[in-house]
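Student: Submitted below is the structure of interest, expressed as structure tokens.
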Amino acid sequence: MEQYRWHAVADARALQQLAIETILAGAALAIRERGSFHIVLAGGDTPREIYRGLCKAETDWSAWHIYFGDERCLPSLDLARNSHMAAEAWLKHVPILPLHLHAIAGELGADEAAQQYSAMLHTVGDFDLVLLGLGEDGHTASLFPGHDWGTAPGAPDTLAVFDAPKPPPQRVSLTAARLSRTRQVIFLVSGESKHRAVAAWRAGKNIPARAIRPEAGVDVLVESALLASLALPDKQGEFKCN
Ligand code: 6PG
């Protein structure tokens with residue numbers, strides 16, 4: 001059953017603030033109930049200011065365990081790496097235990113990095129919170145239209161991607177099935193360029209973001225301007241749905 005809770009916010013700043021509050025509330029609950037907080041980070045640009053805002057949080061950082069929803073296969077210090085963005089904005093400024101920081105080794109190439117991350121994830125149960133972005137074509141993490149999204153039960157935890165339409169072409173992604181094994185999912189959707197993807201999503205088109213189906217449903221933090229109706233072309237080609 002698809003269950004989307006759309007949270008309209010005035011602008012990017014309001015989205016960042018709501019995201020920070022929601023993440024910290026999830027962390028407090030998980031740490032209180034289970035003594036730890038397992039969070040999957042989104043890549044791209046949208047989360048950067050959210051990560052910066054988390055630097056000032058009052059929380060038990062020793063209980064935080066960090067994972068990545070996807071990674072670009074680039075050298076580990078490449079500025080375009082999702083792990084590099086998160087480290088510069090947040091992770092290197094707070095006392096999260098290095099043992100609890102689980103970067104995807106994209107520098108090894110997609111196949112090897114996907115295998116290694118999948119092996120590590122076998123030791124990890126359901127996540128507490130998964131953060132995800134939304135691409136202009138409806139992609140999320142590195143699950144792209146016209147590609148395998150890893151939705152089937154029993155799908156592997158990770159996918160090696162070699163022809164991603166969003167550069168770089170080589171990436172590693174958690175599968176839709178693994179990203180759905182979580183107590184909470186928050187999508188972070190900001191920027192006029194996402195209008196068509198939001199309209200396609202709300203019109204029921206089978207974009208990759210729709211493949212993320214945790215039992216508790218999905219919270220979508222979205223700038224209210226992106227919820228204005230938009231005439232979508234009939235042709236499915238616009239959002240090559242699987
Ligand atoms: C990536 C991300 C990707 C991103 C969306 C939105 O590696 O690029 O994982 O899924 O979240 O493309 O990107 P922006 O936040 O930059 O719009």
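Residues in the structure tokens are named by chain (A, B, ... in the order shown) and by number from 1 within that chain; ligands are numbered from 1 in the order shown.
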Do you know which residues are within 8 Å of ligand 1 using only C-alpha atoms and all ligand atoms? Can you write them as a ChimeraX atom specification?
Tutor: /A:42-47,69-72,81-82,132-136,139-143,166-167,171,188-191,194
Student: Compile the contact shell of range 108-122 of chain A as a ChimeraX atom specification: residues with an atom at most 9 Å away, counting only C-alpha atoms, same-chain residues fewer than 3 positions apart removed.
Tutor: /A:72-75,102-105,125,156-162,170-174
Student: With DSSP run on the backbone, what are the strand (DSSP E) residues within range 4-188 of chain A? I'd like them as a PyMOL selection string.
Tutor: chain A and resi 4-9+37-41+64-68+70-72+129-133+158-161+171-174+185-188
Student: Do a neighbour search on range 21-28 of chain A at 8 Å with only C-alpha atoms, toss out local chain neighbours closer than 4 positions, and write the hits as a ChimeraX atom specification.
Tutor: /A:17,32,36-37,57,59,64,128-129
Student: So that I can check the secondary structure, give me every residue of range 118-238 of chain A assigned alpha helix (DSSP H) by backbone DSSP, as a PyMOL selection string.
Tutor: chain A and resi 118-121+176-179+195-202
Student: Separation of CA of Arg213 in chain A and CA of Ser180 in chain A, in Å?
Tutor: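 For CA of Arg213 in chain A relative to CA of Ser180 in chain A, the distance reads 5.3 Å.
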